[in-house]
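Content type mmCIF, C-alpha atoms and all ligand atoms, from the file query-v1.cif:
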data_input
loop_
_atom_site.label_atom_id
_atom_site.label_comp_id
_atom_site.auth_asym_id
_atom_site.auth_seq_id
_atom_site.Cartn_x
_atom_site.Cartn_y
_atom_site.Cartn_z
CA MET A 23 0.00 0.00 0.00
CA ASP A 24 1.39 3.43 -0.90
CA SER A 25 0.58 7.12 -0.98
CA SER A 26 -1.60 6.67 -4.06
CA ASP A 27 -4.03 4.65 -1.92
CA TRP A 28 -6.78 6.63 -0.19
CA HIS A 29 -6.72 4.55 2.99
CA TYR A 30 -2.99 5.21 3.27
CA GLN A 31 -3.66 8.93 2.86
CA LEU A 32 -6.29 8.84 5.61
CA ARG A 33 -4.14 6.84 8.00
CA HIS A 34 -1.16 9.16 7.54
CA ARG A 35 -3.04 12.40 8.07
CA LEU A 36 -1.33 15.16 10.05
CA LYS A 37 -3.22 15.67 13.33
CA LYS A 38 -0.88 17.28 15.84
CA ARG A 39 1.63 20.12 15.99
CA GLN A 40 4.41 17.50 16.09
CA ASP A 41 3.25 16.05 12.75
CA ILE A 42 4.31 19.27 11.01
CA PRO A 43 7.98 18.95 9.99
CA ASP A 44 10.49 21.54 11.24
CA SER A 45 11.20 22.61 7.68
CA PHE A 46 7.64 23.95 7.60
CA ARG A 47 8.03 27.26 9.38
CA LEU A 48 5.01 28.16 11.48
CA THR A 49 4.15 31.81 12.07
CA ARG A 50 3.40 33.09 15.56
CA LEU A 51 -0.35 33.04 14.89
CA GLU A 52 -0.16 29.43 13.70
CA GLU A 53 2.05 28.41 16.61
CA ASN A 54 -0.30 30.14 19.07
CA PHE A 55 -3.24 28.07 17.90
CA PHE A 56 -1.56 24.91 19.13
CA LYS A 57 -0.38 26.60 22.34
CA THR A 58 -3.88 27.72 23.33
CA ASP A 59 -5.44 25.29 25.81
CA SER A 60 -8.84 25.49 24.19
CA HIS A 61 -7.51 24.44 20.76
CA THR A 62 -8.78 20.93 21.38
CA GLN A 63 -12.31 22.33 21.67
CA VAL A 64 -12.48 23.78 18.16
CA LEU A 65 -12.32 21.96 14.82
CA PRO A 66 -9.19 19.79 15.19
CA PHE A 67 -6.21 20.20 12.86
CA LEU A 68 -6.45 17.49 10.19
CA VAL A 69 -4.89 17.27 6.72
CA THR A 70 -3.94 14.53 4.25
CA PRO A 71 -0.24 14.21 3.30
CA TYR A 72 -1.31 14.87 -0.31
CA TYR A 73 -3.00 18.22 0.40
CA PHE A 74 -0.31 19.24 2.91
CA SER A 75 2.34 18.64 0.22
CA LEU A 76 0.72 21.41 -1.86
CA ALA A 77 1.23 23.97 0.94
CA ASP A 78 4.21 26.30 0.81
CA PRO A 79 6.43 25.64 3.88
CA LEU A 80 7.89 29.14 3.82
CA ASP A 81 5.02 31.36 2.67
CA PRO A 82 2.34 32.06 5.33
CA CYS A 83 0.14 33.58 2.59
CA CYS A 84 0.04 30.35 0.57
CA PRO A 85 -3.64 29.74 -0.34
CA ILE A 86 -3.41 26.02 0.49
CA ARG A 87 -1.73 26.65 3.79
CA ARG A 88 -4.35 29.21 4.89
CA GLN A 89 -7.09 26.63 4.30
CA VAL A 90 -5.65 23.93 6.55
CA ILE A 91 -3.09 25.34 9.01
CA PRO A 92 -5.05 26.82 11.93
CA VAL A 93 -4.34 30.25 13.43
CA ALA A 94 -5.11 31.70 16.87
CA GLU A 95 -7.68 34.05 15.28
CA GLU A 96 -10.06 31.07 15.31
CA PHE A 97 -10.64 31.78 19.00
CA VAL A 98 -11.97 35.27 18.25
CA TYR A 99 -15.75 35.30 18.06
CA ALA A 100 -17.78 38.16 16.58
CA PRO A 101 -21.15 38.84 18.32
CA TYR A 102 -23.18 38.02 15.18
CA GLU A 103 -21.39 34.73 14.58
CA ALA A 104 -23.01 31.41 15.52
CA ALA A 105 -22.11 27.76 15.95
CA ASP A 106 -24.92 26.84 13.52
CA PRO A 107 -24.98 29.96 11.29
CA LEU A 108 -27.60 28.66 8.84
CA CYS A 109 -29.85 27.37 11.65
CA GLU A 110 -29.81 23.89 10.16
CA SER A 111 -30.93 22.37 13.45
CA GLN A 112 -34.28 24.19 13.11
CA CYS A 113 -34.90 22.64 9.68
CA THR A 114 -33.78 19.14 10.64
CA VAL A 115 -36.74 16.83 10.13
CA MET A 116 -35.01 13.61 11.23
CA PRO A 117 -31.39 12.59 11.91
CA GLY A 118 -29.22 14.04 9.11
CA LEU A 119 -32.11 15.29 6.98
CA VAL A 120 -32.36 19.09 6.57
CA ARG A 121 -35.23 20.58 4.62
CA ARG A 122 -35.46 24.30 3.95
CA TYR A 123 -37.07 24.23 0.51
CA HIS A 124 -40.10 22.39 -0.88
CA ASP A 125 -38.34 20.76 -3.82
CA ARG A 126 -35.00 19.64 -2.38
CA CYS A 127 -33.31 18.63 0.85
CA ILE A 128 -29.94 17.65 2.19
CA LEU A 129 -28.89 14.48 3.97
CA LYS A 130 -25.75 14.63 6.09
CA LEU A 131 -24.45 11.08 5.73
CA THR A 132 -21.48 11.43 8.07
CA ASP A 133 -19.69 14.13 10.04
CA SER A 134 -16.24 12.92 8.93
CA CYS A 135 -14.09 14.78 6.39
CA ALA A 136 -10.75 13.94 4.78
CA VAL A 137 -9.34 17.32 5.75
CA HIS A 138 -10.58 19.96 8.18
CA CYS A 139 -10.95 23.25 6.32
CA ARG A 140 -10.33 26.07 8.77
CA PHE A 141 -13.23 28.16 7.43
CA CYS A 142 -15.78 25.31 7.57
CA PHE A 143 -19.24 26.70 8.44
CA ARG A 144 -20.20 23.33 9.90
CA ARG A 145 -17.13 23.46 12.10
CA PHE A 146 -19.12 22.55 15.23
CA PHE A 147 -20.50 19.46 13.48
CA THR A 148 -17.57 18.29 11.34
CA GLY A 149 -15.54 15.54 12.97
CA THR A 150 -17.48 15.68 16.24
CA ARG A 151 -19.08 12.25 16.28
CA LYS A 152 -17.07 10.39 13.65
CA LYS A 153 -20.16 8.40 12.83
CA ALA A 154 -22.11 7.80 9.66
CA LEU A 155 -25.90 7.36 9.50
CA THR A 156 -27.16 3.82 9.88
CA ILE A 157 -28.80 2.17 6.90
CA THR A 158 -32.12 2.34 8.79
CA GLN A 159 -31.74 6.12 9.18
CA VAL A 160 -31.03 6.50 5.47
CA GLN A 161 -34.04 4.33 4.72
CA GLN A 162 -36.24 6.53 6.90
CA ALA A 163 -34.97 9.65 5.11
CA ALA A 164 -35.61 7.98 1.74
CA ARG A 165 -39.20 7.19 2.80
CA TYR A 166 -39.77 10.75 3.98
CA ILE A 167 -38.66 11.98 0.53
CA ALA A 168 -40.85 9.44 -1.26
CA GLN A 169 -44.01 10.50 0.56
CA ASP A 170 -43.66 14.12 -0.61
CA LYS A 171 -43.85 14.32 -4.38
CA ARG A 172 -42.59 17.91 -4.39
CA ILE A 173 -39.06 16.76 -3.52
CA ARG A 174 -37.14 16.22 -6.76
CA GLU A 175 -33.58 16.53 -5.58
CA LEU A 176 -31.53 15.14 -2.71
CA LEU A 177 -28.12 16.49 -1.75
CA LEU A 178 -25.89 14.03 0.02
CA THR A 179 -23.46 15.93 2.17
CA GLY A 180 -21.80 15.83 5.58
CA GLY A 181 -18.98 15.98 6.43
CA ASP A 182 -17.99 14.22 3.26
CA PRO A 183 -20.10 11.35 1.86
CA PHE A 184 -17.01 9.76 0.24
CA MET A 185 -15.48 9.17 3.65
CA VAL A 186 -17.58 6.03 4.01
CA GLU A 187 -16.40 2.77 2.47
CA ASP A 188 -17.66 1.79 -0.98
CA ALA A 189 -19.81 -1.04 0.41
CA VAL A 190 -21.61 1.35 2.78
CA LEU A 191 -22.07 4.05 0.14
CA ASP A 192 -23.46 1.39 -2.19
CA LYS A 193 -26.04 0.38 0.45
CA TYR A 194 -27.06 4.00 1.03
CA LEU A 195 -27.49 4.71 -2.67
CA ARG A 196 -29.30 1.44 -3.31
CA VAL A 197 -31.88 2.15 -0.63
CA ILE A 198 -32.37 5.76 -1.77
CA ARG A 199 -32.73 4.70 -5.42
CA LYS A 200 -35.04 1.80 -4.72
CA ILE A 201 -37.50 4.00 -2.83
CA ASN A 202 -37.06 7.04 -5.14
CA PRO A 203 -36.37 5.92 -8.73
CA LEU A 204 -36.86 9.40 -10.21
CA LEU A 205 -34.93 11.43 -7.63
CA VAL A 206 -31.96 13.50 -8.77
CA VAL A 207 -29.08 12.81 -6.42
CA ARG A 208 -26.37 15.41 -5.89
CA ILE A 209 -23.28 14.47 -3.88
CA GLY A 210 -21.17 17.17 -2.26
CA SER A 211 -17.58 16.02 -1.77
CA ARG A 212 -14.28 17.79 -1.37
CA THR A 213 -12.30 14.57 -1.95
CA PRO A 214 -11.39 15.41 -5.60
CA VAL A 215 -9.57 18.44 -4.12
CA VAL A 216 -8.05 17.15 -0.88
CA LEU A 217 -7.95 13.38 -1.48
CA PRO A 218 -8.14 12.70 -5.25
CA GLN A 219 -6.93 9.13 -4.53
CA ARG A 220 -10.49 8.46 -3.29
CA ILE A 221 -11.87 8.67 -6.85
CA THR A 222 -11.02 5.08 -7.78
CA PRO A 223 -12.37 3.10 -10.76
CA ASP A 224 -14.39 1.04 -8.23
CA LEU A 225 -16.04 4.16 -6.82
CA ILE A 226 -16.83 5.39 -10.32
CA ALA A 227 -18.41 2.05 -11.26
CA LEU A 228 -20.50 2.20 -8.10
CA LEU A 229 -21.71 5.77 -8.70
CA ALA A 230 -22.50 5.07 -12.35
CA ARG A 231 -25.15 2.56 -11.23
CA TYR A 232 -27.22 5.28 -9.55
CA LYS A 233 -27.68 7.95 -12.20
CA PRO A 234 -28.96 10.61 -12.49
CA LEU A 235 -26.22 11.64 -10.12
CA TRP A 236 -24.34 14.93 -9.99
CA LEU A 237 -21.21 15.78 -8.06
CA VAL A 238 -20.55 19.16 -6.49
CA THR A 239 -17.00 19.69 -5.39
CA HIS A 240 -15.18 22.55 -3.71
CA TYR A 241 -12.05 24.11 -5.24
CA ASN A 242 -11.00 27.47 -3.83
CA HIS A 243 -7.75 28.07 -5.72
CA SER A 244 -6.20 26.95 -9.01
CA LYS A 245 -3.20 25.56 -7.07
CA GLU A 246 -5.60 22.75 -6.10
CA LEU A 247 -6.05 21.69 -9.75
CA THR A 248 -3.10 19.30 -9.83
CA SER A 249 -2.75 16.49 -12.36
CA ASP A 250 -4.00 13.96 -9.76
CA SER A 251 -7.01 16.11 -9.10
CA GLY A 252 -7.65 16.64 -12.83
CA GLN A 253 -7.50 12.90 -13.38
CA ALA A 254 -10.13 12.32 -10.68
CA LEU A 255 -12.40 14.84 -12.41
CA SER A 256 -11.92 13.15 -15.79
CA LEU A 257 -12.87 9.77 -14.37
CA LEU A 258 -16.10 11.18 -12.95
CA ILE A 259 -17.10 13.17 -16.01
CA ASP A 260 -16.19 10.44 -18.50
CA ALA A 261 -18.47 8.11 -16.55
CA GLY A 262 -21.40 10.47 -17.14
CA ILE A 263 -21.38 12.18 -13.76
CA PRO A 264 -21.52 15.94 -14.32
CA VAL A 265 -19.33 17.94 -11.93
CA LEU A 266 -20.10 21.40 -10.56
CA ASN A 267 -17.96 23.48 -8.24
CA GLN A 268 -18.69 25.67 -5.26
CA THR A 269 -16.04 28.15 -4.11
CA VAL A 270 -16.05 30.07 -0.87
CA LEU A 271 -14.81 33.65 -1.12
CA LEU A 272 -11.91 33.65 1.37
CA LYS A 273 -9.79 36.57 2.44
CA GLY A 274 -6.13 35.96 1.72
CA VAL A 275 -6.93 32.81 -0.29
CA ASN A 276 -8.84 33.86 -3.38
CA ASP A 277 -10.30 37.36 -2.83
CA ASN A 278 -8.79 38.91 -5.93
CA ALA A 279 -9.93 38.92 -9.55
CA ASP A 280 -6.76 37.25 -10.89
CA SER A 281 -7.07 34.19 -8.60
CA LEU A 282 -10.77 33.75 -9.24
CA ALA A 283 -10.52 34.27 -13.02
CA ASP A 284 -7.73 31.70 -13.14
CA LEU A 285 -9.62 29.23 -10.97
CA PHE A 286 -12.94 29.47 -12.84
CA SER A 287 -11.43 29.31 -16.33
CA ARG A 288 -9.25 26.36 -15.39
CA LEU A 289 -12.24 24.55 -13.89
CA VAL A 290 -14.05 24.93 -17.21
CA TYR A 291 -10.97 23.58 -18.99
CA PHE A 292 -11.39 20.50 -16.78
CA ARG A 293 -15.10 20.42 -17.82
CA VAL A 294 -16.30 21.52 -14.39
CA LYS A 295 -18.99 24.20 -14.26
CA PRO A 296 -18.43 26.88 -11.58
CA TYR A 297 -21.81 26.91 -9.85
CA TYR A 298 -21.61 29.14 -6.76
CA LEU A 299 -19.16 31.61 -5.28
CA PHE A 300 -20.28 31.83 -1.66
CA GLN A 301 -19.99 34.76 0.64
CA GLY A 302 -18.51 33.40 3.90
CA ASP A 303 -21.10 32.13 6.37
CA LEU A 304 -21.17 33.70 9.84
CA ALA A 305 -19.61 30.72 11.63
CA LYS A 306 -17.93 31.34 14.98
CA GLY A 307 -14.21 32.02 14.67
CA THR A 308 -14.08 32.57 10.90
CA ALA A 309 -14.11 36.39 10.72
CA HIS A 310 -10.47 36.46 9.57
CA PHE A 311 -11.59 34.65 6.40
CA ARG A 312 -14.50 36.90 5.45
CA THR A 313 -14.47 39.49 2.71
CA SER A 314 -17.15 42.19 2.58
CA ILE A 315 -20.15 41.82 0.27
CA SER A 316 -19.24 45.10 -1.43
CA ARG A 317 -15.82 43.69 -2.27
CA GLY A 318 -17.45 40.48 -3.48
CA LEU A 319 -19.71 42.46 -5.78
CA LYS A 320 -16.78 44.43 -7.14
CA LEU A 321 -14.91 41.19 -7.84
CA MET A 322 -17.93 39.75 -9.66
CA ARG A 323 -18.15 42.89 -11.77
CA GLN A 324 -14.47 42.61 -12.70
CA LEU A 325 -14.85 38.92 -13.46
CA SER A 326 -17.89 39.42 -15.68
CA CYS A 327 -15.73 41.57 -17.99
CA ARG A 328 -12.91 39.05 -18.04
CA ILE A 329 -14.33 35.54 -18.27
CA SER A 330 -17.19 33.91 -20.15
CA GLY A 331 -20.63 33.22 -18.77
CA LEU A 332 -19.70 29.55 -18.69
CA CYS A 333 -16.82 30.32 -16.32
CA LEU A 334 -18.76 32.71 -14.11
CA PRO A 335 -20.52 31.27 -11.03
CA LYS A 336 -23.42 32.87 -9.19
CA TYR A 337 -22.31 34.96 -6.24
CA ALA A 338 -24.57 33.94 -3.36
CA VAL A 339 -24.98 34.22 0.35
CA ASP A 340 -26.63 31.69 2.63
CA LEU A 341 -28.44 34.08 4.92
CA PRO A 342 -28.14 33.85 8.68
CA GLN A 343 -31.16 32.74 10.74
CA GLY A 344 -32.11 30.23 8.09
CA GLY A 345 -32.93 32.78 5.39
CA GLY A 346 -31.58 30.45 2.73
CA LYS A 347 -29.49 31.13 -0.34
CA VAL A 348 -29.80 34.41 -2.19
CA VAL A 349 -27.90 35.42 -5.31
CA ILE A 350 -26.25 38.79 -4.73
CA GLU A 351 -26.22 40.88 -7.88
CA GLU A 352 -24.77 44.30 -8.27
CA SER A 353 -27.53 46.37 -9.65
CA ALA A 354 -26.42 46.64 -13.21
CA ILE A 355 -29.62 48.66 -13.37
CA LYS A 356 -28.60 52.28 -13.14
CA SER A 357 -32.08 53.78 -13.17
CA ILE A 358 -35.59 53.35 -14.49
CA GLU A 359 -36.75 56.06 -16.88
CA LYS A 360 -40.09 56.33 -18.68
CA GLY A 361 -40.75 52.61 -18.57
CA PHE A 362 -37.22 51.58 -19.51
CA TYR A 363 -34.50 50.03 -17.43
CA ILE A 364 -31.18 51.73 -18.02
CA ILE A 365 -28.64 48.91 -17.86
CA GLU A 366 -24.87 49.20 -17.92
CA ASN A 367 -22.99 46.55 -19.90
CA TYR A 368 -19.44 45.16 -19.57
CA ALA A 369 -18.01 48.13 -21.49
CA LYS A 370 -19.77 50.64 -19.23
CA LYS A 371 -22.19 51.56 -22.00
CA LEU A 372 -25.81 52.21 -21.11
CA TYR A 373 -28.66 50.38 -22.81
CA LYS A 374 -32.43 50.66 -22.56
CA TYR A 375 -34.59 47.63 -21.92
CA PRO A 376 -38.33 48.00 -21.67
CA GLU A 377 -40.29 47.35 -18.54
CA GLU A 378 -43.26 45.31 -19.74
CA ASN A 379 -46.60 44.84 -18.11
CA ASN A 380 -47.10 41.15 -18.93
C1 LIG B 1 -27.79 24.79 -0.14
C2 LIG B 1 -28.94 24.02 0.22
C3 LIG B 1 -29.69 23.37 -0.77
C4 LIG B 1 -29.33 23.42 -2.23
O1 LIG B 1 -29.53 24.68 -2.80
P1 LIG B 1 -29.17 24.94 -4.33
O2 LIG B 1 -29.39 26.40 -4.51
O3 LIG B 1 -30.08 24.09 -5.13
O4 LIG B 1 -27.75 24.53 -4.54
C5 LIG B 1 -30.78 22.64 -0.37
N1 LIG B 1 -31.15 22.57 0.93
C6 LIG B 1 -30.47 23.21 1.89
C7 LIG B 1 -30.93 23.11 3.29
C8 LIG B 1 -29.33 23.96 1.57
O5 LIG B 1 -28.65 24.59 2.54
S1 LIG B 2 -14.78 19.44 3.36
FE1 LIG B 2 -16.55 20.80 3.65
S2 LIG B 2 -17.61 20.00 5.49
FE2 LIG B 2 -15.53 19.13 5.46
S3 LIG B 2 -14.26 20.51 6.71
FE3 LIG B 2 -14.07 21.18 4.56
S4 LIG B 2 -15.66 22.75 4.31
FE4 LIG B 2 -16.17 21.59 6.18
#
Here is the file; what I need is its structure written in the form of structure tokens.
Amino acid sequence: MDSSDWHYQLRHRLKKRQDIPDSFRLTRLEENFFKTDSHTQVLPFLVTPYYFSLADPLDPCCPIRRQVIPVAEEFVYAPYEAADPLCESQCTVMPGLVRRYHDRCILKLTDSCAVHCRFCFRRFFTGTRKKALTITQVQQAARYIAQDKRIRELLLTGGDPFMVEDAVLDKYLRVIRKINPLLVVRIGSRTPVVLPQRITPDLIALLARYKPLWLVTHYNHSKELTSDSGQALSLLIDAGIPVLNQTVLLKGVNDNADSLADLFSRLVYFRVKPYYLFQGDLAKGTAHFRTSISRGLKLMRQLSCRISGLCLPKYAVDLPQGGGKVVIEESAIKSIEKGFYIIENYAKKLYKYPEENN
């Protein structure tokens, strides 16, 4: 067994300060995280050797490093931040099943992840129980979905659904499919980014049996699009599993037009459609990662002049207090005059578009 095996990668994850080699120079803020007594009470440090190898040992601003090496700022809580910023507990209808909308819901299959992302908005859920749902629980969720015809789409999330073994995932999908033959299944997994070794031919063969199935992954920087990662994406897409990407807007990681333009256009090169660019959720201890909405809007405006519509994701915020997702759009509408919208285009030219009454 070697480093190209996903179980090897999981077993050899870095978990403690001592697992970080001396050649990797920690800053004072990084060092202070591990020195703080309460560091064991927040999302534990956890990273695969593969993803850690992409981090720059000498540059504290490295976008990979910022995502996985914790800093003492994680102990700073803003008054409007919450442990459950999207109020998912309020919309939980049974273990793991969260329903906010009529037509779709999410099922958190496990709380385990391959890597602990420091900005994770489920940081008070991720890695806490290290348990996956039982097959009976998944069956109950599948029955709940079947008895409401309005539900057309199920998002399998977590944690990371690909953290469970193939045999277990197969059981989950079989039960969901058997009870809901027409359901669209969307799997959210960060493994193509942080553990591309997980995307094995066996996993692909398994997934291909349960179409229609979509995969949503989570790249935040083009440095993550390595050849291993690209290969994992090809396997998925060639097997007829469309791949979408969600990016979180992160200060010091990707909050500039060059990084985002590069990331989104390279994703499209790999046949992945950039779906959402998320404004950071108000999770406790993540303020150092958040960029203002006004800056986000400015970035979107710059991007819309630089990359194609295919490359451009929707900029959205998942509102606090369970308000749900809203697309944030800069009002390209400059004014409304005599029944016409005055709209500014990419070249800053103004156009009229009628306001119609039908
Ligand atoms: C994000 C989310 C969805 C999916 O929303 P899309 O806009 O379709 O991606 C569904 N249910 C819940 C509870 C969510 O948070
Ligand atoms: S993979 Fe997703 S759920 Fe897991 S730690 Fe990262 S952001 Fe959180």
Practice problem: Show me which residues sit within 10 Å of ligand LIG 1 (chain B) when counting only C-alpha atoms and all ligand atoms, and put them as a PyMOL selection string. | Solution: chain A and resi 108-110+113-114+119-129+175-179+208+238+268+297-298+336+338-341+344-349
Put those residues in a file: C-alpha atoms, as a PDB file, keeping the file's coordinate frame.
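Generated output (result-v5.pdb):
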ATOM      1  CA  LEU A 108     -27.600  28.660   8.840  1.00  0.00           C
ATOM      2  CA  CYS A 109     -29.850  27.370  11.650  1.00  0.00           C
ATOM      3  CA  GLU A 110     -29.810  23.890  10.160  1.00  0.00           C
ATOM      4  CA  CYS A 113     -34.900  22.640   9.680  1.00  0.00           C
ATOM      5  CA  THR A 114     -33.780  19.140  10.640  1.00  0.00           C
ATOM      6  CA  LEU A 119     -32.110  15.290   6.980  1.00  0.00           C
ATOM      7  CA  VAL A 120     -32.360  19.090   6.570  1.00  0.00           C
ATOM      8  CA  ARG A 121     -35.230  20.580   4.620  1.00  0.00           C
ATOM      9  CA  ARG A 122     -35.460  24.300   3.950  1.00  0.00           C
ATOM     10  CA  TYR A 123     -37.070  24.230   0.510  1.00  0.00           C
ATOM     11  CA  HIS A 124     -40.100  22.390  -0.880  1.00  0.00           C
ATOM     12  CA  ASP A 125     -38.340  20.760  -3.820  1.00  0.00           C
ATOM     13  CA  ARG A 126     -35.000  19.640  -2.380  1.00  0.00           C
ATOM     14  CA  CYS A 127     -33.310  18.630   0.850  1.00  0.00           C
ATOM     15  CA  ILE A 128     -29.940  17.650   2.190  1.00  0.00           C
ATOM     16  CA  LEU A 129     -28.890  14.480   3.970  1.00  0.00           C
ATOM     17  CA  GLU A 175     -33.580  16.530  -5.580  1.00  0.00           C
ATOM     18  CA  LEU A 176     -31.530  15.140  -2.710  1.00  0.00           C
ATOM     19  CA  LEU A 177     -28.120  16.490  -1.750  1.00  0.00           C
ATOM     20  CA  LEU A 178     -25.890  14.030   0.020  1.00  0.00           C
ATOM     21  CA  THR A 179     -23.460  15.930   2.170  1.00  0.00           C
ATOM     22  CA  ARG A 208     -26.370  15.410  -5.890  1.00  0.00           C
ATOM     23  CA  VAL A 238     -20.550  19.160  -6.490  1.00  0.00           C
ATOM     24  CA  GLN A 268     -18.690  25.670  -5.260  1.00  0.00           C
ATOM     25  CA  TYR A 297     -21.810  26.910  -9.850  1.00  0.00           C
ATOM     26  CA  TYR A 298     -21.610  29.140  -6.760  1.00  0.00           C
ATOM     27  CA  LYS A 336     -23.420  32.870  -9.190  1.00  0.00           C
ATOM     28  CA  ALA A 338     -24.570  33.940  -3.360  1.00  0.00           C
ATOM     29  CA  VAL A 339     -24.980  34.220   0.350  1.00  0.00           C
ATOM     30  CA  ASP A 340     -26.630  31.690   2.630  1.00  0.00           C
ATOM     31  CA  LEU A 341     -28.440  34.080   4.920  1.00  0.00           C
ATOM     32  CA  GLY A 344     -32.110  30.230   8.090  1.00  0.00           C
ATOM     33  CA  GLY A 345     -32.930  32.780   5.390  1.00  0.00           C
ATOM     34  CA  GLY A 346     -31.580  30.450   2.730  1.00  0.00           C
ATOM     35  CA  LYS A 347     -29.490  31.130  -0.340  1.00  0.00           C
ATOM     36  CA  VAL A 348     -29.800  34.410  -2.190  1.00  0.00           C
ATOM     37  CA  VAL A 349     -27.900  35.420  -5.310  1.00  0.00           C
TER      38      VAL A 349
END
Self-check item: Given 9 Å and only C-alpha atoms and all ligand atoms, residues near ligand LIG 2 (chain B) as a list in words
Solution: Leu65, Gln89, Asp133, Ser134, Cys135, Ala136, Val137, His138, Cys139, Arg140, Phe141, Cys142, Phe143, Arg144, Arg145, Phe147, Thr148, Gly149, Thr179, Gly180, Gly181, Asp182, Gly210, Ser211, Arg212, Thr213, Val216, His240 and Val270 of chain A
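Shortest atom-to-atom contact with Pro296 in chain A among A:Leu235, A:Leu321, A:Cys333, A:Ile226: A:Cys333, counting all atoms listed in the file.
Proximity ranking of A:Lys245, A:Lys153, A:Arg88, A:Lys130 relative to His310 in chain A places A:Arg88 first, based on all atoms listed in the file.
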Self-check item: Shortest interatomic distance to Pro43 in chain A - which of A:Pro183, A:Pro66, A:Pro92, A:Pro79, counting only C-alpha atoms
Solution: A:Pro79
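Using only C-alpha atoms, the smallest distance between any of A:Glu366, A:Asp224, A:Asp41, A:Asp250 and Val69 in chain A comes from A:Asp41.
Take the candidates A:Asn276, A:Thr58, A:Thr239, A:Thr222 and check each one against Ala254 in chain A using only C-alpha atoms; the shortest distance goes to A:Thr222.
One finds CA of Leu205 in chain A at 28.3 Å from CA of Gly331 in chain A.
The two atoms in question, CA of Tyr72 in chain A and CA of Ile91 in chain A, are spaced 14.1 Å apart.
The smallest atom-to-atom distance between Cys327 in chain A and any of A:Leu68, A:Ala283, A:Ile364, A:Leu191, using all atoms listed in the file, is found for A:Ala283.
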How big is the axis-aligned box around the listed atoms of range 294-313 of chain A once 4 Å is added on each side, and where is its centre? Give both in Å to one decimal, as AutoDock Vina command-line options.
--center_x -16.1 --center_y 30.5 --center_z 0.3 --size_x 19.3 --size_y 26.0 --size_z 37.4
Self-check item: Contact residues around Tyr291 in chain A with all atoms listed in the file at 12 Å, ignoring same-chain residues under 6 positions, as a ChimeraX atom specification
Solution: /A:244,247,252,255-256,284-285,332-333
Export, as a PDB file, in the frame of the given file, the selected residues with C-alpha atoms.
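And here's again-v7.pdb as it stands now:
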ATOM      1  CA  SER A 244      -6.200  26.950  -9.010  1.00  0.00           C
ATOM      2  CA  LEU A 247      -6.050  21.690  -9.750  1.00  0.00           C
ATOM      3  CA  GLY A 252      -7.650  16.640 -12.830  1.00  0.00           C
ATOM      4  CA  LEU A 255     -12.400  14.840 -12.410  1.00  0.00           C
ATOM      5  CA  SER A 256     -11.920  13.150 -15.790  1.00  0.00           C
ATOM      6  CA  ASP A 284      -7.730  31.700 -13.140  1.00  0.00           C
ATOM      7  CA  LEU A 285      -9.620  29.230 -10.970  1.00  0.00           C
ATOM      8  CA  LEU A 332     -19.700  29.550 -18.690  1.00  0.00           C
ATOM      9  CA  CYS A 333     -16.820  30.320 -16.320  1.00  0.00           C
TER      10      CYS A 333
END
Excluding Ala105 in chain A and residues on its chain fewer than 3 positions from it, collect all residues at most 7 Å away from it, counting all atoms listed in the file, and give them as a PDB file with C-alpha atoms, keeping the file's coordinate frame.
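Final file, result.pdb:
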ATOM      1  CA  PHE A 146     -19.120  22.550  15.230  1.00  0.00           C
ATOM      2  CA  ALA A 305     -19.610  30.720  11.630  1.00  0.00           C
ATOM      3  CA  LYS A 306     -17.930  31.340  14.980  1.00  0.00           C
TER       4      LYS A 306
END
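In this model, the gap between CA of Gly318 in chain A and CA of Ile86 in chain A comes to 20.5 Å.
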